[in-house]
Amino acid sequence: MKAHSRPQRIKVAAIAVAVAGLLAVAIPAQVSSAAVETKHVAASSTSSKPTIVLVHGAWADASSFTPETAALQAAGYTVLAAPNPLRGLQTDTKAVADFIKQRTSGPVVLVGHSYGGMVITGAALADPDVKALVYVDGYAPDDGESAQALTNASPGSLLNVADPSTVFDVVLPAPDASQADWDSYIRQDKFKSVFAASLPSVVTKVLAARQSPVTFGALGTPFLGTPAWKTIPSWFVIGTADRLLPAAEQRLMAQRAHGKVTEVDAPHLSMLAKPLEVTKVILNAADSVR
């Protein structure tokens, strides 16, 4: 046994290092060069630039934006990851709105991935300093629309199934809890195909293991009121290989918002699959408010 312990430890350590490198996507050289190409290098004062606030979606966390965060910071931007509790649309929206009002000063570019788009659509109106919205594979609802309804509005979502247990694992906060309060997780064996098909399996397994759950109630609650995209300029990154929120539905949301659209050959986690392209879109949005 002892003869194999050291090689085994070395193998495990090597795998851990490889996974960490893949998850971070490090600042790829092309992402760093994107900042230079668009002349957003940190030669100018950070105070003259808008703050970039990132809002993660369901079954993910703030680390999804690791490559974009690093590249934007290198370009001289203040970048903040807002908490998204994933407990309910109203409470999540309030949490992000409170964060923006109390953690930022001056103009803000608000970026939302997936369900985070539902949240920024309401939270942006709580602070007049929010000057631009970026939806990354994101929901941009109108009054009365829920994430669940938008997911199912166009064909192609792997979450649109007759039996939810085939794609979700759930955790009940109490035996008699209503379904709205159930915590949902994408099943481990479905996560790669649903969320991140083009990423290496060693990466998607780690992402699946550490996913943040969202309540079914948060997904099913309609957005109520005037959406921020009606008055705030919006940018959209659409993953054409998205199997969670179909690209066709994303295009319809972007069209009615009169948003500026960038399409990328990527699954639902475009931020990790195409960090260069996503970073460029955020930089373009930031440029519009300087």
# chains A, B, ... in the order shown; residues from 1 in each chain; ligands from 1
call {"tool": "residues_around", "arguments": {"residues": "segment 95-107 of chain A", "least_positions_apart": "4", "cutoff": "8 Å", "atoms": "only C-alpha atoms", "output": "tab-separated table (two decimals) with C-alpha atoms, in the first residue's frame"}}
result
chain	number	residue	atom	x	y	z
A	49	LYS	CA	-15.03	53.77	-15.65
A	50	PRO	CA	-18.39	52.23	-14.73
A	51	THR	CA	-18.52	49.50	-12.14
A	53	VAL	CA	-21.71	44.07	-11.44
A	55	VAL	CA	-25.10	38.32	-11.34
A	82	ALA	CA	-23.56	40.35	-6.53
A	83	PRO	CA	-25.15	37.69	-4.33
A	84	ASN	CA	-28.05	35.88	-5.95
A	85	PRO	CA	-29.74	33.80	-3.24
A	91	THR	CA	-36.21	38.35	-2.73
A	119	VAL	CA	-33.12	39.40	-11.51
A	120	ILE	CA	-31.32	42.26	-13.25
A	123	ALA	CA	-33.06	45.23	-9.90
A	124	ALA	CA	-31.76	47.70	-12.50
A	126	ALA	CA	-33.93	50.42	-8.28
A	127	ASP	CA	-30.87	52.57	-8.99
A	129	ASP	CA	-26.91	54.69	-11.90
A	130	VAL	CA	-27.49	51.45	-13.84
A	131	LYS	CA	-26.77	52.56	-17.38
A	289	VAL	CA	-21.69	54.82	-20.52
call {"tool": "closest_atom_pairs", "arguments": {"of": "segment 28-131 of chain A", "to": "segment 240-247 of chain A", "cutoff": "12 Å", "atoms": "only C-alpha atoms", "output": "Markdown table"}}
result
| residue | atom | partner | partner_atom | distance |
| --- | --- | --- | --- | --- |
| A:Ala58 | CA | A:Leu244 | CA | 11.3 |
| A:Trp59 | CA | A:Leu244 | CA | 11.5 |
| A:His113 | CA | A:Leu245 | CA | 11.1 |
| A:Ser114 | CA | A:Leu245 | CA | 7.9 |
| A:Tyr115 | CA | A:Leu245 | CA | 9.9 |
| A:Gly117 | CA | A:Leu245 | CA | 11.8 |
call {"tool": "write_last_selection", "arguments": {"atoms": "C-alpha atoms", "output": "mmCIF file, in the first residue's frame"}}
result
data_model
loop_
_atom_site.group_PDB
_atom_site.id
_atom_site.type_symbol
_atom_site.label_atom_id
_atom_site.label_comp_id
_atom_site.auth_asym_id
_atom_site.auth_seq_id
_atom_site.Cartn_x
_atom_site.Cartn_y
_atom_site.Cartn_z
ATOM 1 C CA ALA A 58 -29.336 29.134 -11.204
ATOM 2 C CA TRP A 59 -27.221 25.990 -10.793
ATOM 3 C CA HIS A 113 -26.408 35.080 -16.719
ATOM 4 C CA SER A 114 -29.432 32.828 -17.221
ATOM 5 C CA TYR A 115 -31.893 33.310 -14.308
ATOM 6 C CA GLY A 117 -31.292 37.987 -16.261
#
call {"tool": "select_by_dssp", "arguments": {"residues": "segment 65-255 of chain A", "states": "strand (DSSP E or B)", "output": "VMD selection string"}}
result
chain A and resid 79 to 82 108 to 113 130 to 136 168 to 171 183 to 186 214 to 215 234 to 239
call {"tool": "residues_around", "arguments": {"residues": "segment 170-179 of chain A", "least_positions_apart": "3", "cutoff": "8 Å", "atoms": "only C-alpha atoms", "output": "list in words"}}
result
Trp182, Asp183, Ser184, Tyr185, Phe216 and Gly217 of chain A
call {"tool": "write_last_selection", "arguments": {"atoms": "all heavy atoms", "output": "PDB file, in the first residue's frame"}}
result
ATOM      1  N   TRP A 182     -39.093  23.685  -2.895  1.00  0.00           N
ATOM      2  CA  TRP A 182     -38.108  22.632  -3.110  1.00  0.00           C
ATOM      3  C   TRP A 182     -36.856  23.221  -3.768  1.00  0.00           C
ATOM      4  O   TRP A 182     -36.939  24.044  -4.677  1.00  0.00           O
ATOM      5  CB  TRP A 182     -38.657  21.541  -4.023  1.00  0.00           C
ATOM      6  CG  TRP A 182     -39.780  20.744  -3.435  1.00  0.00           C
ATOM      7  CD1 TRP A 182     -40.415  20.940  -2.235  1.00  0.00           C
ATOM      8  CD2 TRP A 182     -40.429  19.635  -4.053  1.00  0.00           C
ATOM      9  NE1 TRP A 182     -41.409  20.018  -2.062  1.00  0.00           N
ATOM     10  CE2 TRP A 182     -41.449  19.190  -3.159  1.00  0.00           C
ATOM     11  CE3 TRP A 182     -40.270  18.958  -5.252  1.00  0.00           C
ATOM     12  CZ2 TRP A 182     -42.282  18.117  -3.455  1.00  0.00           C
ATOM     13  CZ3 TRP A 182     -41.093  17.891  -5.551  1.00  0.00           C
ATOM     14  CH2 TRP A 182     -42.090  17.470  -4.653  1.00  0.00           C
ATOM     15  N   ASP A 183     -35.698  22.791  -3.313  1.00  0.00           N
ATOM     16  CA  ASP A 183     -34.443  23.162  -3.954  1.00  0.00           C
ATOM     17  C   ASP A 183     -34.178  22.203  -5.115  1.00  0.00           C
ATOM     18  O   ASP A 183     -34.194  20.980  -4.929  1.00  0.00           O
ATOM     19  CB  ASP A 183     -33.280  23.067  -2.970  1.00  0.00           C
ATOM     20  CG  ASP A 183     -33.016  24.376  -2.264  1.00  0.00           C
ATOM     21  OD1 ASP A 183     -33.332  25.435  -2.840  1.00  0.00           O
ATOM     22  OD2 ASP A 183     -32.486  24.346  -1.139  1.00  0.00           O
ATOM     23  N   SER A 184     -33.912  22.750  -6.279  1.00  0.00           N
ATOM     24  CA  SER A 184     -33.667  21.914  -7.454  1.00  0.00           C
ATOM     25  C   SER A 184     -32.198  21.954  -7.849  1.00  0.00           C
ATOM     26  O   SER A 184     -31.540  22.997  -7.795  1.00  0.00           O
ATOM     27  CB  SER A 184     -34.527  22.385  -8.627  1.00  0.00           C
ATOM     28  OG  SER A 184     -34.120  23.666  -9.073  1.00  0.00           O
ATOM     29  N   TYR A 185     -31.693  20.804  -8.234  1.00  0.00           N
ATOM     30  CA  TYR A 185     -30.347  20.645  -8.775  1.00  0.00           C
ATOM     31  C   TYR A 185     -30.464  19.940 -10.129  1.00  0.00           C
ATOM     32  O   TYR A 185     -31.296  19.036 -10.285  1.00  0.00           O
ATOM     33  CB  TYR A 185     -29.474  19.765  -7.876  1.00  0.00           C
ATOM     34  CG  TYR A 185     -29.187  20.310  -6.505  1.00  0.00           C
ATOM     35  CD1 TYR A 185     -30.114  20.185  -5.467  1.00  0.00           C
ATOM     36  CD2 TYR A 185     -27.973  20.929  -6.220  1.00  0.00           C
ATOM     37  CE1 TYR A 185     -29.841  20.682  -4.200  1.00  0.00           C
ATOM     38  CE2 TYR A 185     -27.685  21.418  -4.943  1.00  0.00           C
ATOM     39  CZ  TYR A 185     -28.634  21.289  -3.947  1.00  0.00           C
ATOM     40  OH  TYR A 185     -28.361  21.769  -2.687  1.00  0.00           O
ATOM     41  N   PHE A 216     -37.969  25.867  -7.050  1.00  0.00           N
ATOM     42  CA  PHE A 216     -38.908  25.808  -8.171  1.00  0.00           C
ATOM     43  C   PHE A 216     -39.777  27.063  -8.207  1.00  0.00           C
ATOM     44  O   PHE A 216     -40.184  27.528  -9.269  1.00  0.00           O
ATOM     45  CB  PHE A 216     -39.782  24.560  -8.074  1.00  0.00           C
ATOM     46  CG  PHE A 216     -39.096  23.297  -8.517  1.00  0.00           C
ATOM     47  CD1 PHE A 216     -39.144  22.153  -7.735  1.00  0.00           C
ATOM     48  CD2 PHE A 216     -38.413  23.247  -9.725  1.00  0.00           C
ATOM     49  CE1 PHE A 216     -38.524  20.979  -8.144  1.00  0.00           C
ATOM     50  CE2 PHE A 216     -37.787  22.081 -10.141  1.00  0.00           C
ATOM     51  CZ  PHE A 216     -37.843  20.946  -9.355  1.00  0.00           C
ATOM     52  N   GLY A 217     -40.038  27.623  -7.039  1.00  0.00           N
ATOM     53  CA  GLY A 217     -40.840  28.838  -6.984  1.00  0.00           C
ATOM     54  C   GLY A 217     -40.169  30.006  -7.682  1.00  0.00           C
ATOM     55  O   GLY A 217     -40.836  30.808  -8.357  1.00  0.00           O
TER      56      GLY A 217
END
call {"tool": "residues_around", "arguments": {"residues": "Pro233 of chain A", "least_positions_apart": "5", "cutoff": "9 Å", "atoms": "only C-alpha atoms", "output": "PyMOL selection string"}}
result
chain A and resi 131-134+228+257-260+285+288
call {"tool": "residues_around", "arguments": {"residues": "segment 149-152 of chain A", "least_positions_apart": "4", "cutoff": "10 Å", "atoms": "only C-alpha atoms", "output": "PyMOL selection string"}}
result
chain A and resi 139-141+144-145+156-161+219-222+243-246+249-250+253
call {"tool": "select_by_dssp", "arguments": {"residues": "segment 70-225 of chain A", "states": "alpha helix (DSSP H)", "output": "PyMOL selection string"}}
result
chain A and resi 70-74+89-103+115-123+147-153+191-195+201-209+216-220
call {"tool": "atom_distance", "arguments": {"atom1": "atom CA of Thr279 of chain A", "atom2": "atom CA of Leu72 of chain A"}}
result
7.4 Å
call {"tool": "residues_around", "arguments": {"residues": "segment 261-274 of chain A", "least_positions_apart": "2", "cutoff": "10 Å", "atoms": "only C-alpha atoms", "output": "MDAnalysis selection string"}}
result
chainID A and resid 22:25 31 57 60 63:68 113:114 134:138 192:200 234:247 250:251 254:255 258:259 276:281
call {"tool": "atom_distance", "arguments": {"atom1": "atom CA of Thr204 of chain A", "atom2": "atom CA of Ala75 of chain A"}}
result
28.5 Å
